[in-house]
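To be precise, the following lines are final31.cif, and they hold mmCIF, C-alpha atoms and all ligand atoms.
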data_model
#
loop_
_atom_site.label_atom_id
_atom_site.label_comp_id
_atom_site.auth_asym_id
_atom_site.auth_seq_id
_atom_site.Cartn_x
_atom_site.Cartn_y
_atom_site.Cartn_z
CA MET A 1 99.82 148.62 178.01
CA LYS A 2 100.96 145.39 176.45
CA ARG A 3 99.62 143.49 179.41
CA ARG A 4 96.22 145.20 179.08
CA GLU A 5 96.01 144.29 175.40
CA LEU A 6 96.98 140.76 176.22
CA LEU A 7 94.29 140.52 178.86
CA ARG A 8 91.70 142.04 176.57
CA GLY A 9 92.66 139.57 173.85
CA ALA A 10 92.45 136.69 176.27
CA GLY A 11 89.03 137.90 177.43
CA LEU A 12 87.67 138.06 173.89
CA ALA A 13 89.06 134.62 173.15
CA ALA A 14 87.35 133.27 176.26
CA VAL A 15 84.03 134.85 175.26
CA ALA A 16 84.36 133.43 171.75
CA THR A 17 85.15 129.97 173.10
CA GLY A 18 82.20 130.21 175.46
CA LEU A 19 79.81 131.22 172.67
CA ALA A 20 81.07 128.45 170.44
CA ALA A 21 80.55 125.98 173.27
CA CYS A 22 77.00 127.27 173.84
CA GLY A 23 76.21 126.91 170.14
CA ALA A 24 77.40 123.33 170.00
CA ALA A 25 74.66 120.74 170.25
CA PRO A 26 75.56 117.98 172.73
CA GLY A 27 77.02 114.97 170.99
CA ASP A 28 76.99 116.75 167.63
CA GLY A 29 80.69 117.30 167.11
CA ALA A 30 80.54 117.12 163.31
CA GLY A 31 77.58 119.47 162.82
CA PRO A 32 77.80 123.08 161.68
CA THR A 33 77.73 124.74 165.08
CA ALA A 34 80.21 127.60 164.97
CA SER A 35 77.63 130.30 165.51
CA THR A 36 80.25 133.01 165.99
CA GLU A 37 82.01 132.21 162.73
CA ARG A 38 81.83 135.07 160.26
CA LEU A 39 81.37 133.95 156.69
CA GLN A 40 81.90 135.93 153.52
CA TRP A 41 80.05 134.74 150.45
CA LYS A 42 80.10 135.85 146.85
CA MET A 43 76.87 136.14 144.87
CA VAL A 44 77.25 136.03 141.08
CA THR A 45 74.31 137.20 138.99
CA SER A 46 73.08 137.23 135.40
CA TRP A 47 72.15 140.92 135.61
CA PRO A 48 73.99 144.21 135.30
CA THR A 49 74.82 145.52 138.81
CA ASN A 50 71.80 147.25 140.34
CA PHE A 51 69.71 146.86 137.17
CA PRO A 52 66.12 147.82 138.15
CA GLY A 53 64.19 144.94 139.68
CA LEU A 54 66.51 142.06 138.81
CA GLY A 55 69.85 143.53 139.89
CA THR A 56 68.39 145.56 142.74
CA GLY A 57 66.54 142.42 143.87
CA ALA A 58 69.82 140.50 144.04
CA ALA A 59 71.43 143.43 145.89
CA LYS A 60 68.52 143.62 148.33
CA LEU A 61 68.82 139.89 149.01
CA ALA A 62 72.54 140.23 149.77
CA GLU A 63 72.01 143.27 152.01
CA MET A 64 69.16 141.60 153.85
CA ILE A 65 71.14 138.42 154.57
CA THR A 66 74.14 140.47 155.72
CA ALA A 67 72.01 142.71 157.99
CA THR A 68 69.68 140.10 159.48
CA SER A 69 72.59 137.77 160.26
CA GLY A 70 74.28 140.61 162.15
CA GLY A 71 77.20 140.37 159.73
CA ARG A 72 77.80 136.68 160.43
CA LEU A 73 77.05 135.95 156.78
CA THR A 74 78.20 138.78 154.53
CA VAL A 75 77.19 138.50 150.88
CA LYS A 76 78.97 140.51 148.19
CA VAL A 77 77.20 140.84 144.83
CA TYR A 78 78.91 140.60 141.45
CA GLY A 79 77.07 141.79 138.34
CA ALA A 80 77.12 139.82 135.10
CA GLY A 81 80.67 139.67 133.75
CA GLU A 82 82.34 140.99 136.91
CA LEU A 83 83.39 137.57 138.22
CA VAL A 84 81.78 135.25 135.66
CA PRO A 85 79.67 135.89 132.53
CA ALA A 86 75.85 136.03 132.84
CA PHE A 87 75.30 132.51 131.59
CA GLU A 88 77.99 130.86 133.71
CA VAL A 89 76.32 131.52 137.04
CA PHE A 90 75.01 127.94 137.32
CA ASP A 91 78.43 126.34 136.78
CA ALA A 92 80.24 128.91 138.91
CA VAL A 93 78.03 128.25 141.94
CA GLY A 94 78.03 124.49 141.31
CA ARG A 95 81.83 124.34 141.45
CA GLY A 96 82.06 126.80 144.35
CA THR A 97 83.68 129.77 142.56
CA ALA A 98 80.85 131.66 144.27
CA GLU A 99 78.71 130.32 147.11
CA MET A 100 75.54 131.93 145.80
CA GLY A 101 73.96 133.02 142.52
CA HIS A 102 70.94 135.01 141.35
CA SER A 103 69.59 134.11 137.92
CA ALA A 104 66.71 132.41 136.09
CA ALA A 105 66.32 128.63 135.73
CA TYR A 106 65.38 128.76 132.05
CA TYR A 107 68.92 129.76 131.16
CA TRP A 108 69.98 126.22 132.15
CA LYS A 109 67.96 124.16 129.67
CA GLY A 110 71.27 122.85 128.31
CA LYS A 111 71.94 121.32 131.76
CA SER A 112 68.50 119.78 132.14
CA ALA A 113 65.37 119.86 130.01
CA ALA A 114 63.39 120.23 133.25
CA ALA A 115 65.18 123.40 134.43
CA PRO A 116 63.05 125.95 132.49
CA PHE A 117 59.86 124.72 134.20
CA PHE A 118 61.09 126.35 137.42
CA CYS A 119 61.22 129.75 135.77
CA ALA A 120 58.53 130.08 133.11
CA VAL A 121 56.37 127.89 130.91
CA PRO A 122 54.65 129.48 127.89
CA PHE A 123 50.91 129.83 128.59
CA GLY A 124 51.62 128.37 132.05
CA LEU A 125 51.39 129.65 135.62
CA ASN A 126 51.36 133.34 136.52
CA ALA A 127 53.32 134.76 139.48
CA GLN A 128 50.66 134.06 142.08
CA GLU A 129 50.24 130.52 140.78
CA MET A 130 54.00 129.88 140.54
CA ASN A 131 54.31 130.80 144.22
CA GLY A 132 51.40 128.51 145.09
CA TRP A 133 52.92 125.63 143.14
CA LEU A 134 56.47 126.12 144.40
CA TYR A 135 55.73 126.71 148.09
CA GLN A 136 52.56 124.67 148.55
CA GLY A 137 52.12 122.41 145.54
CA GLY A 138 55.31 120.33 145.54
CA GLY A 139 57.17 122.46 142.96
CA LEU A 140 60.07 123.47 145.20
CA GLU A 141 60.71 119.85 146.26
CA LEU A 142 61.03 118.87 142.60
CA TRP A 143 63.30 121.84 141.91
CA ARG A 144 65.57 120.87 144.85
CA GLU A 145 65.63 117.25 143.62
CA LEU A 146 66.79 118.40 140.17
CA TYR A 147 69.41 120.93 141.33
CA ALA A 148 70.87 118.45 143.88
CA ARG A 149 72.29 116.61 140.84
CA PHE A 150 74.41 119.71 140.17
CA GLY A 151 75.45 120.41 143.77
CA LEU A 152 73.01 123.31 144.12
CA VAL A 153 70.15 124.29 146.44
CA PRO A 154 67.58 126.57 144.74
CA PHE A 155 65.20 129.13 146.27
CA PRO A 156 62.49 131.24 144.59
CA ALA A 157 63.89 134.78 144.81
CA GLY A 158 61.88 137.16 142.68
CA ASN A 159 59.17 137.37 140.06
CA THR A 160 58.45 139.98 137.38
CA GLY A 161 54.77 139.15 136.85
CA VAL A 162 53.41 138.85 133.29
CA GLN A 163 55.97 140.20 130.81
CA LEU A 164 55.59 141.87 127.43
CA ALA A 165 55.65 139.75 124.24
CA GLY A 166 58.55 141.87 123.03
CA TRP A 167 59.87 144.56 120.74
CA PHE A 168 59.71 144.23 116.96
CA ARG A 169 61.25 146.38 114.26
CA LYS A 170 58.28 145.60 111.97
CA PRO A 171 54.59 145.00 112.78
CA VAL A 172 53.34 141.46 113.44
CA ALA A 173 50.06 141.13 111.55
CA SER A 174 50.06 137.38 111.08
CA ILE A 175 52.02 134.26 111.96
CA ALA A 176 53.80 134.61 108.59
CA ASP A 177 55.49 137.75 109.94
CA LEU A 178 57.32 135.61 112.52
CA LYS A 179 58.88 133.37 109.86
CA GLY A 180 62.58 134.03 109.40
CA LEU A 181 62.57 136.50 112.27
CA LYS A 182 65.70 136.49 114.42
CA MET A 183 64.54 137.11 117.96
CA ARG A 184 66.18 137.25 121.36
CA ILE A 185 63.96 134.97 123.42
CA PRO A 186 65.34 132.42 125.92
CA GLY A 187 63.89 129.27 127.45
CA LEU A 188 60.87 127.34 126.24
CA GLY A 189 59.52 130.49 124.58
CA GLY A 190 62.50 130.35 122.23
CA GLU A 191 61.70 126.72 121.34
CA VAL A 192 58.14 127.77 120.55
CA MET A 193 59.32 130.58 118.29
CA SER A 194 61.51 128.16 116.35
CA ARG A 195 58.42 125.95 115.72
CA VAL A 196 56.67 128.85 114.01
CA GLY A 197 59.66 129.56 111.80
CA ALA A 198 61.60 132.15 113.76
CA THR A 199 65.23 131.85 114.85
CA PRO A 200 65.54 132.28 118.61
CA VAL A 201 68.78 133.57 120.08
CA ASN A 202 69.72 133.90 123.72
CA LEU A 203 71.58 137.03 124.73
CA PRO A 204 72.27 138.46 128.18
CA GLY A 205 70.17 141.53 128.92
CA ALA A 206 73.07 143.94 128.48
CA GLU A 207 73.59 142.88 124.84
CA ILE A 208 69.98 143.20 123.68
CA PHE A 209 69.89 146.91 122.85
CA SER A 210 72.95 146.98 120.59
CA SER A 211 71.91 143.76 118.81
CA LEU A 212 68.46 145.16 118.12
CA GLN A 213 69.70 148.58 117.12
CA THR A 214 72.26 147.26 114.64
CA GLY A 215 69.73 144.85 113.13
CA ALA A 216 71.72 141.77 114.21
CA ILE A 217 68.34 140.66 115.57
CA ASP A 218 64.86 141.69 114.37
CA ALA A 219 63.02 141.42 117.65
CA ALA A 220 63.64 140.91 121.35
CA GLU A 221 61.77 140.17 124.49
CA TRP A 222 63.36 141.20 127.76
CA VAL A 223 61.02 141.78 130.70
CA GLY A 224 58.40 144.51 130.68
CA PRO A 225 58.06 148.31 130.53
CA TYR A 226 60.04 149.01 133.74
CA ASN A 227 63.13 147.09 132.52
CA ASP A 228 62.74 147.60 128.78
CA LEU A 229 62.62 151.39 129.21
CA ALA A 230 65.82 151.19 131.30
CA PHE A 231 67.61 149.46 128.41
CA GLY A 232 66.12 151.88 125.87
CA LEU A 233 64.67 149.10 123.71
CA HIS A 234 62.10 151.58 122.35
CA ARG A 235 64.99 153.40 120.64
CA ALA A 236 65.88 150.23 118.73
CA ALA A 237 62.41 148.91 117.78
CA LYS A 238 59.16 150.83 117.48
CA PHE A 239 56.54 148.13 117.94
CA CYS A 240 55.85 146.82 121.41
CA TYR A 241 53.58 143.76 121.67
CA TYR A 242 51.68 142.17 124.54
CA PRO A 243 50.86 139.87 126.31
CA GLY A 244 53.97 137.97 127.40
CA TRP A 245 52.66 134.50 126.54
CA GLN A 246 56.22 133.21 126.86
CA GLU A 247 56.71 134.35 130.47
CA PRO A 248 53.45 134.72 132.37
CA GLY A 249 55.12 134.92 135.80
CA PRO A 250 58.77 133.92 135.68
CA THR A 251 60.38 132.98 138.98
CA LEU A 252 63.90 134.29 139.52
CA GLU A 253 66.17 132.02 141.49
CA CYS A 254 68.74 132.18 144.23
CA MET A 255 71.00 129.15 144.11
CA VAL A 256 73.41 128.13 146.83
CA ASN A 257 76.38 125.80 146.53
CA GLN A 258 75.34 122.58 148.28
CA ALA A 259 78.59 122.15 150.26
CA ALA A 260 78.50 125.80 151.43
CA TRP A 261 74.84 125.36 152.40
CA GLU A 262 75.54 122.28 154.48
CA LYS A 263 78.20 124.12 156.45
CA LEU A 264 75.73 126.81 157.56
CA PRO A 265 74.34 126.65 161.09
CA GLN A 266 70.56 126.22 161.15
CA ASP A 267 69.78 129.82 162.06
CA LEU A 268 71.74 131.13 159.04
CA LYS A 269 69.93 128.63 156.82
CA ASP A 270 66.65 130.01 158.16
CA ILE A 271 67.85 133.56 157.49
CA VAL A 272 68.80 132.78 153.86
CA ASP A 273 65.43 131.08 153.31
CA ALA A 274 63.47 133.95 154.87
CA CYS A 275 65.39 136.61 152.91
CA CYS A 276 64.77 134.76 149.62
CA ARG A 277 61.06 134.65 150.43
CA ALA A 278 61.06 138.36 151.24
CA VAL A 279 62.79 139.27 147.95
CA ASN A 280 60.54 136.90 146.00
CA ASP A 281 57.65 138.99 147.29
CA SER A 282 59.16 142.49 147.17
CA MET A 283 60.40 142.13 143.58
CA LEU A 284 56.88 141.38 142.34
CA ALA A 285 55.61 144.39 144.29
CA GLU A 286 58.27 146.56 142.59
CA TYR A 287 57.23 145.43 139.10
CA THR A 288 53.55 145.82 139.93
CA ALA A 289 54.22 149.39 141.06
CA ARG A 290 56.63 150.46 138.31
CA ASN A 291 55.48 148.80 135.08
CA GLN A 292 52.53 151.05 134.30
CA GLN A 293 54.51 154.22 135.08
CA ALA A 294 57.12 153.07 132.57
CA LEU A 295 54.51 152.04 130.00
CA ASP A 296 52.91 155.49 130.23
CA ALA A 297 56.30 157.07 129.53
CA LEU A 298 56.95 154.71 126.60
CA VAL A 299 53.62 155.45 124.91
CA ARG A 300 53.17 159.15 125.77
CA GLU A 301 56.72 160.46 125.74
CA HIS A 302 58.47 158.09 123.35
CA GLY A 303 55.69 157.40 120.83
CA VAL A 304 55.88 153.63 121.13
CA GLU A 305 53.29 151.64 119.17
CA LEU A 306 51.74 149.39 121.81
CA ARG A 307 49.82 146.52 120.23
CA GLN A 308 48.23 143.24 121.20
CA LEU A 309 49.41 140.18 119.30
CA PRO A 310 46.60 139.10 116.93
CA ASP A 311 44.39 136.25 118.19
CA ASP A 312 45.47 133.87 115.43
CA VAL A 313 49.14 134.51 116.22
CA LEU A 314 48.55 133.75 119.90
CA LEU A 315 46.59 130.62 118.99
CA ALA A 316 49.41 129.38 116.73
CA LEU A 317 51.95 130.08 119.49
CA ARG A 318 49.78 128.23 121.98
CA ARG A 319 49.53 125.17 119.73
CA ALA A 320 53.28 125.25 119.12
CA SER A 321 53.81 125.50 122.90
CA ASP A 322 51.80 122.32 123.47
CA LYS A 323 53.97 120.51 120.92
CA VAL A 324 57.21 121.80 122.44
CA LEU A 325 56.16 120.65 125.90
CA GLU A 326 55.13 117.22 124.56
CA ASP A 327 58.53 116.83 122.91
CA VAL A 328 60.49 118.01 125.95
CA VAL A 329 58.76 115.60 128.33
CA GLY A 330 58.91 112.81 125.74
CA GLU A 331 62.68 112.81 126.04
CA ASP A 332 63.14 113.48 129.74
CA LEU A 333 61.34 111.51 132.45
CA PHE A 334 62.04 114.04 135.18
CA ALA A 335 60.71 116.88 133.02
CA ARG A 336 57.54 114.81 132.55
CA LYS A 337 57.16 114.47 136.30
CA VAL A 338 57.59 118.22 136.74
CA LEU A 339 55.14 119.12 133.97
CA GLU A 340 52.52 116.73 135.34
CA SER A 341 52.83 118.30 138.79
CA MET A 342 52.59 121.77 137.28
CA ARG A 343 49.63 120.92 135.06
CA ALA A 344 47.69 119.40 137.96
CA PHE A 345 48.30 122.61 139.90
CA GLN A 346 47.35 124.76 136.90
CA ALA A 347 44.00 122.94 136.54
CA GLN A 348 43.26 123.55 140.20
CA ALA A 349 44.39 127.20 140.07
CA ARG A 350 42.40 127.82 136.90
CA ALA A 351 39.20 126.52 138.47
CA TRP A 352 39.64 128.62 141.58
CA HIS A 353 40.80 131.73 139.71
CA ALA A 354 37.75 131.51 137.43
CA VAL A 355 35.59 132.30 140.44
CA SER A 356 38.10 134.57 142.21
CA GLU A 357 40.68 136.61 140.27
CA GLU A 358 39.01 136.46 136.83
CA ALA A 359 35.50 136.98 138.18
CA TYR A 360 36.75 139.88 140.25
CA TYR A 361 38.58 141.56 137.33
CA ALA A 362 35.41 141.24 135.23
CA THR A 363 33.33 142.78 138.03
CA ARG A 364 35.75 145.57 138.86
CA GLY A 365 35.91 146.65 135.26
CA CA B 1 61.74 137.71 129.36
#
In structure tokens, how does this file's structure come out?
Ligand code: CA
Amino acid sequence: MKRRELLRGAGLAAVATGLAACGAAPGDGAGPTASTERLQWKMVTSWPTNFPGLGTGAAKLAEMITATSGGRLTVKVYGAGELVPAFEVFDAVGRGTAEMGHSAAYYWKGKSAAAPFFCAVPFGLNAQEMNGWLYQGGGLELWRELYARFGLVPFPAGNTGVQLAGWFRKPVASIADLKGLKMRIPGLGGEVMSRVGATPVNLPGAEIFSSLQTGAIDAAEWVGPYNDLAFGLHRAAKFCYYPGWQEPGPTLECMVNQAAWEKLPQDLKDIVDACCRAVNDSMLAEYTARNQQALDALVREHGVELRQLPDDVLLALRRASDKVLEDVVGEDLFARKVLESMRAFQAQARAWHAVSEEAYYATRG
């Protein structure tokens, strides 16, 4: 019995050695070649566990990497606050507390003024255009250049599409109604709101409802009907405004610790990249499919007042956005480089979309 076990153990060891030898590139002793090595990674996120779209997107990414690698790279997901708080994901992955994170780049404007450009720019690119810029227009190269400073490798890994402008306890009839308003709104959108006299605050998603309900804040933007209904924001504020000028197609990110990334064999790197691309795509499909169902429920079942922001309010926000962007790139050379790349892409996308998407929407009616 003992002898049989010994033999079996020796056989497995021989197979493992053989596989490792096969995986090793000739003359590449230092390279990451241990293709039979089984790795276990942690993924920290800025979302509640399995929160619709964002949290389920992170979970899907982890499951997909684990399954498609045949268990060679197992990823375990931690919701916001389980291992680190929502807004410490960037630092936690940078220092290697977790090998991977799922979040949004605009939460890291305190690390770099250029970071928010890789998530959302007010009145900027929509989801389709963000993907075009990131994958084909030089955006991802710039993002990787920036995050390399922090020991991170970023990947686009989700998009919500155009968001809502937010939830307000009182109607917004003019720009004067935004003055003195305390609003949960992160990223560059928050900077814009401060220019028109509001006080932006940044809160993790899970804290929005209670802050709005108790009146600690007067307004909040989160995502869109699918997610806002899940948090019950309609029970804390009656007026729901559109369109989401502040986030016209925010890219969610997967970030990987640089040292952990470099240790991966090439096929696992390819798997992580492919899974991020798949989730980047499937999350947008989920929002596209679910948002209107949720909006119907909000308006018909919950009596929400759905309103468009007045034209003069949107115009004032747009002018303030231009000023914010000028100021941001005036103080940060890399941010200027990123904005110039993005603006060149936006001009191109706008021209093409005038005769494609926009013309088609107008024709379809
Ligand atoms: Ca948002």
| Selected residue, from A:Glu305, A:Glu221, A:Asp177, A:Glu191, that lies nearest to Val328 (chain A) when counting only C-alpha atoms |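 The shortest atom-to-atom distance to Val328 (chain A) comes from A:Glu191.
Here the question is which of A:Gln266, A:Asn131, A:Gln308, A:Gln163 gets nearest to ligand CA 1 (chain B) using all atoms listed in the file, and that residue is A:Gln163.
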| message | Which residues are close to Lys109 (chain A), i.e. within 10 Å by all atoms listed in the file, leaving aside same-chain residues fewer than 5 positions away? Reply as a list in words. | response |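 Near neighbours after the sequence-gap exclusion: Ala114, Ala115, Pro116, Phe117, Pro186, Gly187 and Leu188 of chain A.
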| field | Which of A:Val84, A:Val196, A:Ala127, A:Val162 sits closest to Lys182 (chain A) [using only C-alpha atoms] | value |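 Among A:Val84, A:Val196, A:Ala127, A:Val162, it is A:Val196 that comes nearest to Lys182 (chain A).
Summary of the local environment: counting all atoms listed in the file, residues at most 9 Å from Val272 (chain A), other than itself and those fewer than 3 positions away along its chain, are Leu61, Met64, Ile65, Ser69, Asp267, Leu268, Lys269, Cys275, Cys276 and Arg277 of chain A.
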| request: Counting only C-alpha atoms, figure out which residue out of A:Asp296, A:Asp228, A:Glu129, A:Glu262 gets nearest to Arg343 (chain A). | output: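 Closest candidate: A:Glu129.
Of the residues listed (A:Val256, A:Leu203, A:Leu264, A:Ala285), A:Leu203 shows the shortest atom-to-atom separation from ligand CA 1 (chain B); distances use all atoms listed in the file.
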| Nearest to ligand CA 1 (chain B), chosen from A:Pro265, A:Pro122, A:Gly197, A:Gly365, with only C-alpha atoms and all ligand atoms counted in the distances |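 For ligand CA 1 (chain B), the nearest of the given residues is A:Pro122.
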| said: Could you tell me how far CA of Ser103 (chain A) sits from CA of Phe90 (chain A), in Å to one decimal place? | reply: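 It comes out at 8.2 Å.
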Residues of chain A at most 9 Å from ligand CA 1 (chain B): nearest atom pair and distance in Å, all atoms listed in the file, as CSV:
residue,atom,partner,partner_atom,distance
A:Thr160,CA,B:CA1,CA,9.0
A:Gln163,CA,B:CA1,CA,6.4
A:Leu164,CA,B:CA1,CA,7.7
A:Ala165,CA,B:CA1,CA,8.2
A:Gly166,CA,B:CA1,CA,8.2
A:Ile185,CA,B:CA1,CA,6.9
A:Pro186,CA,B:CA1,CA,7.3
A:Gly187,CA,B:CA1,CA,8.9
A:Gly189,CA,B:CA1,CA,8.9
A:Ala220,CA,B:CA1,CA,8.8
A:Glu221,CA,B:CA1,CA,5.5
A:Trp222,CA,B:CA1,CA,4.2
A:Val223,CA,B:CA1,CA,4.3
A:Gly224,CA,B:CA1,CA,7.7
A:Gly244,CA,B:CA1,CA,8.0
A:Gln246,CA,B:CA1,CA,7.5
A:Glu247,CA,B:CA1,CA,6.2
A:Pro250,CA,B:CA1,CA,7.9
Residues within 6 Å of region 79-82 of chain A, all atoms listed in the file, excluding chain neighbours under 6 positions, as a compact mmCIF listing (two decimals) with C-alpha atoms, keeping the file's coordinate frame:
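After the write, part.txt holds the following:
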# COMPACT_ATOMS: atom_id res chain seq x y z
CA THR A 45 74.31 137.20 138.99
CA SER A 46 73.08 137.23 135.40
CA TRP A 47 72.15 140.92 135.61
CA PRO A 48 73.99 144.21 135.30
CA THR A 49 74.82 145.52 138.81
| task | Give me the residues within 6 Å of Asn257 (chain A) as a list in words, counting only C-alpha atoms and dropping any in the same chain fewer than 4 places off. | result | Val93, Gly94, Glu99 and Leu152 of chain A
Listed atoms of region 102-107 of chain A boxed axis-aligned with 8 Å per side, centre + edges as AutoDock Vina command-line options:
--center_x 68.2 --center_y 131.8 --center_z 136.3 --size_x 21.6 --size_y 22.4 --size_z 26.2
| said: Please compute the CA of Glu358 (chain A)-CA of Thr288 (chain A) distance, one decimal, in Å. | reply: 17.6 Å
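Note that the spacing between CA of Arg149 (chain A) and CA of Gly124 (chain A) amounts to 25.4 Å.
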| Test item: residues at most 12 Å from Leu134 (chain A), only C-alpha atoms, excluding those fewer than 3 positions along its chain, as a PyMOL selection string | chain A and resi 117-119+125-131+137-144+154-157+250-251+253+277+280+338+341-342+345-346
| request: Name the residues, using the chain letters and numbers of the file, that sit within 12 Å of (61.9, 145.2, 134.6) when counting all atoms listed in the file, and give them as a count of residues only. | output: 44
